[in-house]
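The block underneath contains the structure these notes are about, expressed in structure tokens.
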Amino acid sequence: MIDHGDGAIARLVEQLLKELGEDVGREGLSRTPERVEKALRYLTSGYSKNVHDVLNDALFVEEYDEMVVVKDIDFFSMCEHHLLPFIGKCHVAYMPRRKIVGLSKIPRLVEMFSRRLQVQERLTTQIASTLDEALQPGGVAVVMEAIHLCMLMRGVEKQNSKAVTSAMLGAFRDRPETRAEFMELIKAGRGLRM
Ligand SMILES: [Zn+2]
């Protein structure tokens, strides 16, 4: 459920528009403060969810101990330094040790942490450490690749340059061949398709 709020953000946005020199009375802006409030509350709705809600009804005991990979998960987040979007792909893998999680829950976990103010580095490690705690697997790997509008729009980086972050735990950290297998599996179809 999206909390449409009490209008406190809308009032701040109206003030912001005035500070920017805008005429808040003109037609195009008349409903902008409410829209921005609604959008911001949606884009930060991950704060009102927790790991328990997302994962706990979908943990199963299974004697499967091969690598599980969910790749090319689209994610949309907001950089906490500029409140501008960073968007990209997330690839997740784990080596089960008696516990598996419903595959559809992994994108939902990515979404929960993405819909908060973030830095890409923390987002990556939060996803990895949460799966590590919930599944107690032989290892977890998370790779995220994203473009940051705060870099692109301000001309800090060339267009299309991507930031890549990774978190490797357990077997993915300790065994180069396991990490290599994961990197090979996510390489096909790698990259942003926008
Ligand atoms: Zn930024």
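Quick note on naming: the chains in the structure tokens go A, B, ... in the order shown, residues restart at 1 in each chain, and ligands are numbered from 1 in order of appearance.
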- Exercise answer, 9 Å around ligand 1 with only C-alpha atoms and all ligand atoms, as a ChimeraX atom specification: /A:78-86,119,148-151
- Message: Which residues are close to Gly138 of chain A, i.e. within 7 Å by only C-alpha atoms, leaving aside same-chain residues fewer than 5 positions away? Reply as a PyMOL selection string.
- Response: chain A and resi 95-97+170-171
- So how many Å separate atom CA of Val92 of chain A and atom CA of Val143 of chain A, to one decimal?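 We find that atom CA of Val92 of chain A and atom CA of Val143 of chain A lie 6.6 Å from each other.
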- From segment 2-180 of chain A, collect each residue whose DSSP state is alpha helix (DSSP H) and return the set as an MDAnalysis selection string. chainID A and resid 8:19 32:43 51:55 105:114 120:135 149:152 171:174 176:180
- Nearest residue to Lys71 of chain A from the set A:Asn56, A:Gln120, A:Ser30, A:Ser104 (distances using only C-alpha atoms): A:Ser104
